[in-house]
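Asks: Sharing a structure, written as structure tokens. Questions coming.
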Amino acid sequence: MSKCRLCQKEASLKKSHLHPKFVYDWLKETGTTGRLRGAENVNIPVQDGDKIELLCNDCEQRFSVNEKYFAENIFYPYVNSLDEFMRRIEKEQVFSYDERLLRFIISLQWRRAVTKPKVFSDFNNSDKMNREVVKAEQAWSDYLLEKRKDTGVGSTYMIFFWNFIEAEGASFEGLPPRINSHLLRNVDSTYAACENSLFMYSKLGPIAFITMLFPTSVPKMPDCRVKRSGSISTSQILGNIHINEFLFRNRPSEINAIIEQISDTQKSKTIQRMQQNPDRAYNSQAYKVLQTDRELRKK
């Protein structure tokens, strides 16, 4: 018996995915080999995402309801609307949603906060940042347990990505290698900080989430904000240069540095697995997205 990290009750804990299982199922189904690699050790292929004893059965079920809602009403409808290169077929989709969406996003941010805490020491306002992280974790817990009606911290945003190759009139200079593969196919979560802002960032394939700790909102991104209920379009204006720098340059570059650590032996093994089932590998969405990354580098 251990304490549930959410409700703090003594219980037999379930092994919970840090990111929802459905996104890993989708990645395997649309990948070249049906195997995954995690950031913790890129040289060990895995069949599933990270799991940890975290929640009691009641809290696991509480999260499952919201995960199911997001998967069925937003994630799969969106990824299924993209073509095999993950370009948009429909130029705009509008999703209506209720509070289950916000609860899902906050549960995602909460899991990252409680399982991989971040201590800030390299910033002038590191004490404030550390205090805000502790405050956010408690506020998110209370919100998820329905002890409060608001999330207790800043606004939350949801961002839809599609293949960069589709962008007309855009400058591709300086984009990190494999930008499409990162934006469209990776699972990610981290704190992001600069001198004047702190936020939690999570990403499931081509959909990303930002929850601000401070300041409480992001200027020039009103189309992306998630409220307790409403509607959100996949055609969004991302007008904040600092968020854009993080989304399209800084974080992809960090992830690319991790990918570069894959050994030659593991690269050879991946090629061998692809050659065992070449039809699956070379017709996969993952391979086609990688092809567009090569095209972008030529541009």
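Identifiers in this document derive from the order of the structure tokens: chains are assigned A, B, ..., residues are numbered from 1 separately in each chain, and ligands are numbered from 1 in order of occurrence.
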Any idea what's packed within 8 Å of Val218 of chain A, counting only C-alpha atoms, ignoring anything in its chain fewer than 5 positions away? Could you give it as a compact mmCIF listing (two decimals) with C-alpha atoms, in the first residue's frame?
Replies:
# COMPACT_ATOMS: atom_id res chain seq x y z
CA SER A 155 -4.25 30.16 -18.95
CA MET A 212 1.29 29.32 -18.04
CA ASN A 240 4.01 35.45 -29.82
Asks: Taking the DSSP secondary structure from the backbone, can you list the residues of segment 72-179 of chain A that are strand (DSSP E or B), as a list in words?
Replies: Leu82, Arg88, Val94, Phe95, Ser96, Tyr97, Thr156, Tyr157, Met158, Ile159 and Phe160 of chain A
Asks: How would the residues just chosen look if you wrote them out with C-alpha atoms as a PDB file, in the first residue's frame?
Replies:
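Result written to result38.pdb:
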ATOM      1  CA  LEU A  82      -4.292  14.765 -42.159  1.00  0.00           C
ATOM      2  CA  ARG A  88      -3.960  19.223 -43.952  1.00  0.00           C
ATOM      3  CA  VAL A  94     -13.495  23.573 -35.447  1.00  0.00           C
ATOM      4  CA  PHE A  95     -13.813  21.431 -32.347  1.00  0.00           C
ATOM      5  CA  SER A  96     -16.476  22.137 -29.751  1.00  0.00           C
ATOM      6  CA  TYR A  97     -15.498  20.980 -26.282  1.00  0.00           C
ATOM      7  CA  THR A 156      -3.974  26.949 -20.961  1.00  0.00           C
ATOM      8  CA  TYR A 157      -3.451  26.783 -24.733  1.00  0.00           C
ATOM      9  CA  MET A 158      -3.791  24.013 -27.326  1.00  0.00           C
ATOM     10  CA  ILE A 159      -1.835  24.230 -30.580  1.00  0.00           C
ATOM     11  CA  PHE A 160      -2.359  22.169 -33.739  1.00  0.00           C
TER      12      PHE A 160
END
Asks: Name the residues in contact with segment 119-126 of chain A at a cut-off of 9 Å, using only C-alpha atoms, excluding same-chain residues fewer than 2 positions from it; report them as a list in words.
Replies: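 Answer for this query is Pro117, Lys128, Met129, Asn130, Arg131, Val133, Ala193, Cys194, Glu195 and Asn196 of chain A.
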Asks: Could you give me, as number ranges by chain, the residues within 10 Å of Gln109 of chain A, counting only C-alpha atoms and dropping anything in the same chain fewer than 2 positions from it?
Replies: A: 18-19, 103-107, 111-114, 136-137, 140, 189-191, 199-202, 209-211
Asks: Keeping only N, CA and C atoms, take the residues you just selected and write them out as a CSV table (one decimal), in the first residue's frame.
Replies:
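Dumped everything to result.csv:
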chain,number,residue,atom,x,y,z
A,18,LEU,N,2.7,8.0,-18.1
A,18,LEU,CA,2.9,9.4,-18.0
A,18,LEU,C,2.3,10.2,-19.1
A,19,HIS,N,2.2,9.5,-20.3
A,19,HIS,CA,1.4,10.1,-21.4
A,19,HIS,C,0.5,9.0,-21.8
A,103,ARG,N,-9.7,19.5,-18.2
A,103,ARG,CA,-9.3,18.5,-17.2
A,103,ARG,C,-8.2,17.5,-17.7
A,104,PHE,N,-8.4,17.1,-19.0
A,104,PHE,CA,-7.4,16.2,-19.6
A,104,PHE,C,-6.1,16.9,-19.7
A,105,ILE,N,-6.0,18.1,-20.2
A,105,ILE,CA,-4.8,18.9,-20.3
A,105,ILE,C,-4.1,19.1,-19.0
A,106,ILE,N,-4.8,19.5,-18.0
A,106,ILE,CA,-4.2,19.7,-16.7
A,106,ILE,C,-3.7,18.4,-16.1
A,107,SER,N,-4.4,17.3,-16.3
A,107,SER,CA,-4.0,16.0,-15.8
A,107,SER,C,-2.6,15.7,-16.4
A,111,ARG,N,0.9,15.3,-14.2
A,111,ARG,CA,1.7,14.1,-14.2
A,111,ARG,C,3.2,14.5,-14.4
A,112,ARG,N,3.4,15.4,-15.3
A,112,ARG,CA,4.8,15.8,-15.5
A,112,ARG,C,5.4,16.5,-14.3
A,113,ALA,N,4.6,17.3,-13.7
A,113,ALA,CA,5.0,18.1,-12.5
A,113,ALA,C,5.4,17.2,-11.4
A,114,VAL,N,4.6,16.2,-11.1
A,114,VAL,CA,4.8,15.4,-9.9
A,114,VAL,C,5.8,14.2,-10.1
A,136,ALA,N,1.6,25.6,-8.4
A,136,ALA,CA,0.9,25.0,-9.6
A,136,ALA,C,0.5,23.6,-9.3
A,137,GLU,N,1.4,22.8,-8.8
A,137,GLU,CA,1.2,21.4,-8.5
A,137,GLU,C,0.0,21.2,-7.6
A,140,TRP,N,-3.3,22.4,-9.4
A,140,TRP,CA,-3.8,21.4,-10.3
A,140,TRP,C,-4.4,20.2,-9.6
A,189,SER,N,7.2,16.5,-22.9
A,189,SER,CA,6.7,17.3,-21.9
A,189,SER,C,7.9,17.9,-21.1
A,190,THR,N,7.8,19.2,-20.7
A,190,THR,CA,8.9,19.8,-20.0
A,190,THR,C,8.4,21.1,-19.5
A,191,TYR,N,9.1,21.6,-18.5
A,191,TYR,CA,9.0,23.0,-18.1
A,191,TYR,C,9.8,23.9,-19.1
A,199,PHE,N,6.3,28.2,-18.0
A,199,PHE,CA,5.1,27.4,-18.4
A,199,PHE,C,5.5,26.0,-18.5
A,200,MET,N,4.4,25.2,-18.4
A,200,MET,CA,4.5,23.7,-18.7
A,200,MET,C,4.1,23.4,-20.1
A,201,TYR,N,4.9,22.6,-20.8
A,201,TYR,CA,4.6,22.3,-22.2
A,201,TYR,C,4.5,20.8,-22.3
A,202,SER,N,3.5,20.3,-23.0
A,202,SER,CA,3.3,18.9,-23.3
A,202,SER,C,2.9,18.8,-24.7
A,209,PHE,N,0.3,21.5,-25.9
A,209,PHE,CA,-0.4,22.2,-24.8
A,209,PHE,C,0.6,23.0,-24.0
A,210,ILE,N,0.2,24.2,-23.7
A,210,ILE,CA,1.0,25.1,-22.8
A,210,ILE,C,0.1,25.6,-21.7
A,211,THR,N,0.6,25.5,-20.5
A,211,THR,CA,-0.1,26.1,-19.3
A,211,THR,C,0.8,27.0,-18.7
Asks: Contacts of Lys149 of chain A at 12 Å or less, counting only C-alpha atoms, minus same-chain residues fewer than 5 places along, as a list in words?
Replies: Glu99, Leu102, Arg103, Ala139, Trp140, Ser141, Asp142, Tyr143, Leu144, Lys227 and Arg228 of chain A
Asks: Just the selected residues (N, CA, C and O atoms), exported as a PDB file, in the first residue's frame, please.
Replies:
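Saved to selection14.pdb:
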ATOM      1  N   GLU A  99     -15.664  20.811 -20.397  1.00  0.00           N
ATOM      2  CA  GLU A  99     -14.575  20.914 -19.421  1.00  0.00           C
ATOM      3  C   GLU A  99     -13.691  19.675 -19.363  1.00  0.00           C
ATOM      4  O   GLU A  99     -12.580  19.729 -18.829  1.00  0.00           O
ATOM      5  N   LEU A 102     -10.191  20.551 -20.730  1.00  0.00           N
ATOM      6  CA  LEU A 102      -9.288  21.254 -19.820  1.00  0.00           C
ATOM      7  C   LEU A 102      -8.800  20.318 -18.723  1.00  0.00           C
ATOM      8  O   LEU A 102      -7.619  20.339 -18.355  1.00  0.00           O
ATOM      9  N   ARG A 103      -9.674  19.473 -18.219  1.00  0.00           N
ATOM     10  CA  ARG A 103      -9.260  18.519 -17.180  1.00  0.00           C
ATOM     11  C   ARG A 103      -8.222  17.534 -17.727  1.00  0.00           C
ATOM     12  O   ARG A 103      -7.286  17.159 -17.025  1.00  0.00           O
ATOM     13  N   ALA A 139      -2.410  23.458  -6.933  1.00  0.00           N
ATOM     14  CA  ALA A 139      -3.629  23.982  -7.560  1.00  0.00           C
ATOM     15  C   ALA A 139      -4.195  22.995  -8.560  1.00  0.00           C
ATOM     16  O   ALA A 139      -5.403  22.768  -8.621  1.00  0.00           O
ATOM     17  N   TRP A 140      -3.311  22.368  -9.363  1.00  0.00           N
ATOM     18  CA  TRP A 140      -3.777  21.377 -10.337  1.00  0.00           C
ATOM     19  C   TRP A 140      -4.390  20.172  -9.641  1.00  0.00           C
ATOM     20  O   TRP A 140      -5.395  19.632 -10.089  1.00  0.00           O
ATOM     21  N   SER A 141      -3.783  19.752  -8.527  1.00  0.00           N
ATOM     22  CA  SER A 141      -4.348  18.630  -7.768  1.00  0.00           C
ATOM     23  C   SER A 141      -5.754  18.963  -7.287  1.00  0.00           C
ATOM     24  O   SER A 141      -6.688  18.167  -7.431  1.00  0.00           O
ATOM     25  N   ASP A 142      -5.921  20.147  -6.721  1.00  0.00           N
ATOM     26  CA  ASP A 142      -7.235  20.553  -6.214  1.00  0.00           C
ATOM     27  C   ASP A 142      -8.258  20.648  -7.337  1.00  0.00           C
ATOM     28  O   ASP A 142      -9.421  20.276  -7.164  1.00  0.00           O
ATOM     29  N   TYR A 143      -7.825  21.147  -8.497  1.00  0.00           N
ATOM     30  CA  TYR A 143      -8.737  21.255  -9.630  1.00  0.00           C
ATOM     31  C   TYR A 143      -9.163  19.873 -10.111  1.00  0.00           C
ATOM     32  O   TYR A 143     -10.349  19.613 -10.368  1.00  0.00           O
ATOM     33  N   LEU A 144      -8.215  18.964 -10.230  1.00  0.00           N
ATOM     34  CA  LEU A 144      -8.523  17.614 -10.716  1.00  0.00           C
ATOM     35  C   LEU A 144      -9.393  16.846  -9.734  1.00  0.00           C
ATOM     36  O   LEU A 144     -10.165  15.967 -10.133  1.00  0.00           O
ATOM     37  N   LYS A 227     -10.709  27.115 -22.613  1.00  0.00           N
ATOM     38  CA  LYS A 227     -11.471  27.523 -21.435  1.00  0.00           C
ATOM     39  C   LYS A 227     -12.226  26.314 -20.887  1.00  0.00           C
ATOM     40  O   LYS A 227     -11.977  25.187 -21.277  1.00  0.00           O
ATOM     41  N   ARG A 228     -13.163  26.534 -19.998  1.00  0.00           N
ATOM     42  CA  ARG A 228     -13.909  25.408 -19.414  1.00  0.00           C
ATOM     43  C   ARG A 228     -14.827  24.778 -20.455  1.00  0.00           C
ATOM     44  O   ARG A 228     -15.121  23.586 -20.392  1.00  0.00           O
TER      45      ARG A 228
END
Asks: Running DSSP on the backbone, which parts of segment 109-243 of chain A land in helix (DSSP H, G or I), as a compact mmCIF listing (two decimals) with all heavy atoms, in the first residue's frame?
Replies:
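Output saved as out35.txt:
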# COMPACT_ATOMS: atom_id res chain seq x y z
N GLN A 109 -0.35 17.88 -17.56
CA GLN A 109 0.65 18.77 -16.97
C GLN A 109 0.99 18.34 -15.54
O GLN A 109 2.15 18.37 -15.12
CB GLN A 109 0.15 20.23 -16.98
CG GLN A 109 -0.46 20.71 -18.29
CD GLN A 109 0.53 20.86 -19.42
OE1 GLN A 109 1.38 20.01 -19.64
NE2 GLN A 109 0.43 21.94 -20.19
N TRP A 110 -0.04 17.94 -14.80
CA TRP A 110 0.16 17.51 -13.41
C TRP A 110 1.08 16.29 -13.34
O TRP A 110 1.97 16.22 -12.49
CB TRP A 110 -1.19 17.21 -12.78
CG TRP A 110 -1.11 16.66 -11.39
CD1 TRP A 110 -1.01 17.38 -10.23
CD2 TRP A 110 -1.10 15.27 -11.00
NE1 TRP A 110 -0.94 16.52 -9.15
CE2 TRP A 110 -0.99 15.23 -9.59
CE3 TRP A 110 -1.18 14.08 -11.70
CZ2 TRP A 110 -0.97 14.03 -8.88
CZ3 TRP A 110 -1.14 12.88 -11.00
CH2 TRP A 110 -1.04 12.86 -9.61
N ARG A 111 0.87 15.32 -14.21
CA ARG A 111 1.70 14.11 -14.19
C ARG A 111 3.17 14.46 -14.39
O ARG A 111 4.05 13.90 -13.74
CB ARG A 111 1.25 13.12 -15.28
CG ARG A 111 -0.07 12.47 -14.99
CD ARG A 111 -0.38 11.43 -16.03
NE ARG A 111 -1.81 11.15 -16.08
CZ ARG A 111 -2.34 10.04 -16.58
NH1 ARG A 111 -1.56 9.11 -17.07
NH2 ARG A 111 -3.63 9.87 -16.60
N ARG A 112 3.44 15.36 -15.32
CA ARG A 112 4.82 15.77 -15.55
C ARG A 112 5.38 16.48 -14.32
O ARG A 112 6.53 16.25 -13.92
CB ARG A 112 4.90 16.70 -16.77
CG ARG A 112 6.26 17.34 -17.01
CD ARG A 112 7.34 16.27 -17.24
NE ARG A 112 8.61 16.84 -17.63
CZ ARG A 112 9.49 17.39 -16.80
NH1 ARG A 112 9.20 17.48 -15.51
NH2 ARG A 112 10.64 17.85 -17.24
N ALA A 113 4.56 17.30 -13.69
CA ALA A 113 5.03 18.08 -12.54
C ALA A 113 5.39 17.20 -11.35
O ALA A 113 6.40 17.43 -10.68
CB ALA A 113 3.96 19.09 -12.14
N VAL A 114 4.58 16.17 -11.09
CA VAL A 114 4.80 15.37 -9.88
C VAL A 114 5.81 14.23 -10.09
O VAL A 114 6.36 13.72 -9.12
CB VAL A 114 3.48 14.79 -9.34
CG1 VAL A 114 2.51 15.91 -8.98
CG2 VAL A 114 2.85 13.78 -10.30
N THR A 115 6.05 13.85 -11.33
CA THR A 115 6.96 12.73 -11.56
C THR A 115 8.36 13.17 -11.95
O THR A 115 9.33 12.44 -11.73
CB THR A 115 6.42 11.79 -12.66
OG1 THR A 115 6.18 12.55 -13.85
CG2 THR A 115 5.13 11.13 -12.22
N SER A 126 15.01 32.50 -9.83
CA SER A 126 14.82 31.06 -9.63
C SER A 126 13.96 30.76 -8.41
O SER A 126 13.18 29.80 -8.43
CB SER A 126 16.17 30.37 -9.50
OG SER A 126 16.90 30.89 -8.40
N ASP A 127 14.07 31.56 -7.35
CA ASP A 127 13.24 31.32 -6.16
C ASP A 127 11.76 31.45 -6.49
O ASP A 127 10.94 30.63 -6.07
CB ASP A 127 13.61 32.30 -5.04
CG ASP A 127 14.96 31.98 -4.42
OD1 ASP A 127 15.44 30.84 -4.62
OD2 ASP A 127 15.53 32.86 -3.75
N LYS A 128 11.43 32.47 -7.25
CA LYS A 128 10.04 32.67 -7.66
C LYS A 128 9.58 31.50 -8.53
O LYS A 128 8.46 31.00 -8.35
CB LYS A 128 9.89 33.98 -8.44
CG LYS A 128 8.46 34.21 -8.94
CD LYS A 128 8.35 35.50 -9.74
CE LYS A 128 6.91 35.69 -10.24
NZ LYS A 128 6.77 36.93 -11.04
N MET A 129 10.41 31.06 -9.45
CA MET A 129 10.05 29.94 -10.32
C MET A 129 9.76 28.68 -9.51
O MET A 129 8.77 27.99 -9.73
CB MET A 129 11.16 29.68 -11.34
CG MET A 129 11.26 30.73 -12.41
SD MET A 129 12.59 30.33 -13.58
CE MET A 129 12.31 31.59 -14.83
N ASN A 130 10.62 28.37 -8.56
CA ASN A 130 10.42 27.18 -7.74
C ASN A 130 9.15 27.28 -6.91
O ASN A 130 8.42 26.29 -6.75
CB ASN A 130 11.64 26.95 -6.84
CG ASN A 130 12.86 26.52 -7.62
OD1 ASN A 130 12.76 25.79 -8.59
ND2 ASN A 130 14.03 26.99 -7.22
N ARG A 131 8.86 28.45 -6.40
CA ARG A 131 7.61 28.64 -5.64
C ARG A 131 6.39 28.44 -6.53
O ARG A 131 5.40 27.83 -6.13
CB ARG A 131 7.58 30.04 -5.00
CG ARG A 131 8.51 30.24 -3.83
CD ARG A 131 8.15 31.49 -3.04
NE ARG A 131 8.15 32.69 -3.87
CZ ARG A 131 9.22 33.46 -4.06
NH1 ARG A 131 10.38 33.14 -3.50
NH2 ARG A 131 9.14 34.55 -4.81
N GLU A 132 6.46 28.96 -7.75
CA GLU A 132 5.33 28.84 -8.67
C GLU A 132 5.08 27.39 -9.07
O GLU A 132 3.94 26.97 -9.26
CB GLU A 132 5.57 29.69 -9.92
CG GLU A 132 5.56 31.19 -9.67
CD GLU A 132 4.23 31.69 -9.16
OE1 GLU A 132 3.18 31.13 -9.54
OE2 GLU A 132 4.23 32.64 -8.35
N VAL A 133 6.14 26.59 -9.20
CA VAL A 133 5.99 25.18 -9.54
C VAL A 133 5.24 24.45 -8.43
O VAL A 133 4.31 23.67 -8.67
CB VAL A 133 7.37 24.53 -9.80
CG1 VAL A 133 7.25 23.01 -9.84
CG2 VAL A 133 7.95 25.04 -11.11
N VAL A 134 5.65 24.69 -7.19
CA VAL A 134 4.97 24.05 -6.04
C VAL A 134 3.51 24.49 -5.98
O VAL A 134 2.61 23.68 -5.76
CB VAL A 134 5.70 24.41 -4.73
CG1 VAL A 134 4.92 23.89 -3.52
CG2 VAL A 134 7.11 23.82 -4.73
N LYS A 135 3.28 25.78 -6.19
CA LYS A 135 1.91 26.31 -6.16
C LYS A 135 1.05 25.69 -7.25
O LYS A 135 -0.11 25.33 -7.03
CB LYS A 135 1.94 27.84 -6.32
CG LYS A 135 0.58 28.52 -6.11
CD LYS A 135 0.59 29.96 -6.61
CE LYS A 135 1.67 30.78 -5.94
NZ LYS A 135 1.61 32.21 -6.39
N ALA A 136 1.62 25.56 -8.44
CA ALA A 136 0.87 25.00 -9.57
C ALA A 136 0.51 23.55 -9.32
O ALA A 136 -0.63 23.13 -9.58
CB ALA A 136 1.69 25.12 -10.85
N GLU A 137 1.44 22.78 -8.81
CA GLU A 137 1.17 21.36 -8.55
C GLU A 137 -0.01 21.20 -7.59
O GLU A 137 -0.90 20.37 -7.82
CB GLU A 137 2.41 20.69 -7.96
CG GLU A 137 2.21 19.21 -7.66
CD GLU A 137 3.41 18.60 -6.97
OE1 GLU A 137 4.54 19.04 -7.23
OE2 GLU A 137 3.19 17.68 -6.16
N GLN A 138 -0.04 22.00 -6.53
CA GLN A 138 -1.14 21.90 -5.57
C GLN A 138 -2.46 22.37 -6.17
O GLN A 138 -3.50 21.76 -5.99
CB GLN A 138 -0.83 22.73 -4.32
CG GLN A 138 -1.88 22.60 -3.22
CD GLN A 138 -2.08 21.16 -2.78
OE1 GLN A 138 -1.13 20.51 -2.36
NE2 GLN A 138 -3.31 20.64 -2.89
N ALA A 139 -2.41 23.46 -6.93
CA ALA A 139 -3.63 23.98 -7.56
C ALA A 139 -4.20 22.99 -8.56
O ALA A 139 -5.40 22.77 -8.62
CB ALA A 139 -3.33 25.32 -8.24
N TRP A 140 -3.31 22.37 -9.36
CA TRP A 140 -3.78 21.38 -10.34
C TRP A 140 -4.39 20.17 -9.64
O TRP A 140 -5.39 19.63 -10.09
CB TRP A 140 -2.62 20.95 -11.23
CG TRP A 140 -2.15 22.03 -12.16
CD1 TRP A 140 -2.84 23.13 -12.57
CD2 TRP A 140 -0.87 22.11 -12.80
NE1 TRP A 140 -2.08 23.90 -13.42
CE2 TRP A 140 -0.88 23.31 -13.58
CE3 TRP A 140 0.27 21.32 -12.80
CZ2 TRP A 140 0.22 23.71 -14.35
CZ3 TRP A 140 1.36 21.71 -13.57
CH2 TRP A 140 1.34 22.88 -14.33
N SER A 141 -3.78 19.75 -8.53
CA SER A 141 -4.35 18.63 -7.77
C SER A 141 -5.75 18.96 -7.29
O SER A 141 -6.69 18.17 -7.43
CB SER A 141 -3.46 18.29 -6.56
OG SER A 141 -2.20 17.81 -6.97
N ASP A 142 -5.92 20.15 -6.72
CA ASP A 142 -7.23 20.55 -6.21
C ASP A 142 -8.26 20.65 -7.34
O ASP A 142 -9.42 20.28 -7.16
CB ASP A 142 -7.13 21.89 -5.49
CG ASP A 142 -6.38 21.79 -4.17
OD1 ASP A 142 -6.22 20.65 -3.67
OD2 ASP A 142 -5.94 22.83 -3.64
N TYR A 143 -7.82 21.15 -8.50
CA TYR A 143 -8.74 21.25 -9.63
C TYR A 143 -9.16 19.87 -10.11
O TYR A 143 -10.35 19.61 -10.37
CB TYR A 143 -8.07 22.03 -10.76
CG TYR A 143 -8.88 22.07 -12.04
CD1 TYR A 143 -10.08 22.78 -12.11
CD2 TYR A 143 -8.45 21.38 -13.18
CE1 TYR A 143 -10.83 22.80 -13.28
CE2 TYR A 143 -9.19 21.41 -14.34
CZ TYR A 143 -10.39 22.12 -14.39
OH TYR A 143 -11.13 22.13 -15.55
N LEU A 144 -8.21 18.96 -10.23
CA LEU A 144 -8.52 17.61 -10.72
C LEU A 144 -9.39 16.85 -9.73
O LEU A 144 -10.16 15.97 -10.13
CB LEU A 144 -7.22 16.85 -11.00
CG LEU A 144 -6.39 17.42 -12.15
CD1 LEU A 144 -5.01 16.78 -12.18
CD2 LEU A 144 -7.10 17.21 -13.49
N PHE A 164 5.20 21.24 -42.18
CA PHE A 164 5.80 22.50 -42.57
C PHE A 164 5.90 22.64 -44.09
O PHE A 164 5.95 23.75 -44.61
CB PHE A 164 7.20 22.64 -41.97
CG PHE A 164 7.31 23.70 -40.93
CD1 PHE A 164 7.38 23.38 -39.59
CD2 PHE A 164 7.36 25.03 -41.29
CE1 PHE A 164 7.49 24.36 -38.62
CE2 PHE A 164 7.47 26.04 -40.33
CZ PHE A 164 7.54 25.70 -38.99
N ILE A 165 5.97 21.52 -44.78
CA ILE A 165 6.13 21.55 -46.23
C ILE A 165 4.96 22.26 -46.89
O ILE A 165 5.06 22.76 -48.01
CB ILE A 165 6.28 20.12 -46.80
CG1 ILE A 165 7.05 20.12 -48.12
CG2 ILE A 165 4.95 19.41 -46.92
CD1 ILE A 165 8.53 20.32 -47.97
N GLU A 166 3.85 22.35 -46.17
CA GLU A 166 2.63 22.96 -46.71
C GLU A 166 2.67 24.48 -46.65
O GLU A 166 1.91 25.17 -47.32
CB GLU A 166 1.42 22.44 -45.90
CG GLU A 166 0.07 22.94 -46.37
CD GLU A 166 -1.04 22.46 -45.45
OE1 GLU A 166 -0.82 21.54 -44.67
OE2 GLU A 166 -2.14 23.03 -45.53
N ILE A 179 12.44 18.76 -38.21
CA ILE A 179 11.44 19.61 -37.56
C ILE A 179 10.05 19.00 -37.67
O ILE A 179 9.27 18.99 -36.72
CB ILE A 179 11.47 21.05 -38.14
CG1 ILE A 179 10.45 21.95 -37.45
CG2 ILE A 179 11.25 21.05 -39.64
CD1 ILE A 179 10.73 22.25 -36.02
N ASN A 180 9.71 18.46 -38.85
CA ASN A 180 8.39 17.84 -39.01
C ASN A 180 8.24 16.61 -38.13
O ASN A 180 7.19 16.40 -37.50
CB ASN A 180 8.15 17.46 -40.47
CG ASN A 180 7.71 18.65 -41.31
OD1 ASN A 180 6.96 19.49 -40.85
ND2 ASN A 180 8.19 18.71 -42.53
N SER A 181 9.27 15.78 -38.10
CA SER A 181 9.21 14.58 -37.29
C SER A 181 9.01 14.92 -35.82
O SER A 181 8.29 14.23 -35.09
CB SER A 181 10.48 13.74 -37.46
OG SER A 181 10.61 13.31 -38.81
N HIS A 182 9.66 16.00 -35.38
CA HIS A 182 9.47 16.42 -33.99
C HIS A 182 8.06 16.95 -33.74
O HIS A 182 7.36 16.51 -32.83
CB HIS A 182 10.48 17.49 -33.59
CG HIS A 182 10.15 18.14 -32.29
ND1 HIS A 182 10.27 17.49 -31.09
CD2 HIS A 182 9.64 19.37 -32.01
CE1 HIS A 182 9.86 18.30 -30.11
NE2 HIS A 182 9.49 19.44 -30.65
N LEU A 183 7.65 17.91 -34.55
CA LEU A 183 6.36 18.56 -34.30
C LEU A 183 5.19 17.60 -34.45
O LEU A 183 4.19 17.71 -33.74
CB LEU A 183 6.17 19.73 -35.27
CG LEU A 183 7.07 20.95 -35.07
CD1 LEU A 183 6.75 22.00 -36.12
CD2 LEU A 183 6.91 21.54 -33.67
N LEU A 184 5.30 16.66 -35.38
CA LEU A 184 4.14 15.84 -35.74
C LEU A 184 4.14 14.47 -35.09
O LEU A 184 3.06 13.87 -34.95
CB LEU A 184 4.09 15.68 -37.26
CG LEU A 184 4.03 16.98 -38.06
CD1 LEU A 184 4.15 16.70 -39.55
CD2 LEU A 184 2.76 17.74 -37.76
N ARG A 185 5.30 13.94 -34.69
CA ARG A 185 5.36 12.53 -34.31
C ARG A 185 5.94 12.28 -32.92
O ARG A 185 5.91 11.16 -32.46
CB ARG A 185 6.21 11.76 -35.34
CG ARG A 185 5.75 11.95 -36.77
CD ARG A 185 5.13 10.78 -37.39
NE ARG A 185 5.39 9.51 -36.79
CZ ARG A 185 4.44 8.58 -36.66
NH1 ARG A 185 3.19 8.84 -37.01
NH2 ARG A 185 4.73 7.40 -36.14
N PRO A 222 -4.79 34.35 -28.81
CA PRO A 222 -6.15 34.14 -28.29
C PRO A 222 -6.87 32.97 -28.93
O PRO A 222 -7.73 32.34 -28.30
CB PRO A 222 -6.86 35.47 -28.61
CG PRO A 222 -6.11 36.02 -29.78
CD PRO A 222 -4.69 35.63 -29.54
N ASP A 223 -6.52 32.63 -30.19
CA ASP A 223 -7.19 31.54 -30.89
C ASP A 223 -6.91 30.18 -30.26
O ASP A 223 -7.63 29.22 -30.51
CB ASP A 223 -6.73 31.46 -32.35
CG ASP A 223 -7.06 32.72 -33.13
OD1 ASP A 223 -7.93 33.46 -32.68
OD2 ASP A 223 -6.44 32.95 -34.18
N CYS A 224 -5.85 30.10 -29.47
CA CYS A 224 -5.38 28.81 -28.95
C CYS A 224 -5.85 28.53 -27.53
O CYS A 224 -5.64 27.42 -27.02
CB CYS A 224 -3.86 28.76 -28.97
SG CYS A 224 -3.11 29.16 -30.56
N ILE A 241 6.34 35.82 -30.42
CA ILE A 241 7.65 35.42 -30.96
C ILE A 241 8.42 34.53 -29.97
O ILE A 241 9.17 33.65 -30.39
CB ILE A 241 8.50 36.64 -31.35
CG1 ILE A 241 8.73 37.57 -30.17
CG2 ILE A 241 7.86 37.40 -32.50
CD1 ILE A 241 9.72 38.70 -30.46
N HIS A 242 8.23 34.73 -28.66
CA HIS A 242 8.96 33.92 -27.68
C HIS A 242 8.44 32.49 -27.66
O HIS A 242 9.23 31.54 -27.61
CB HIS A 242 8.85 34.57 -26.29
CG HIS A 242 9.36 35.96 -26.24
ND1 HIS A 242 10.70 36.25 -26.43
CD2 HIS A 242 8.73 37.15 -26.02
CE1 HIS A 242 10.88 37.56 -26.32
NE2 HIS A 242 9.70 38.13 -26.09
N ILE A 243 7.12 32.33 -27.72
CA ILE A 243 6.54 30.99 -27.78
C ILE A 243 6.94 30.31 -29.09
O ILE A 243 7.29 29.12 -29.11
CB ILE A 243 5.01 31.05 -27.66
CG1 ILE A 243 4.60 31.55 -26.27
CG2 ILE A 243 4.39 29.69 -27.94
CD1 ILE A 243 4.97 30.63 -25.13
Asks: Just give me the gap between atom CA of Leu175 of chain A and atom CA of Val289 of chain A in Å, one decimal is fine.
Replies: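 We find that atom CA of Leu175 of chain A and atom CA of Val289 of chain A lie 15.3 Å from each other.
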Asks: Would you compute the distance between atom CA of Ser81 of chain A and atom CA of Asp50 of chain A? Give it in Å to one decimal.
Replies: 27.8 Å
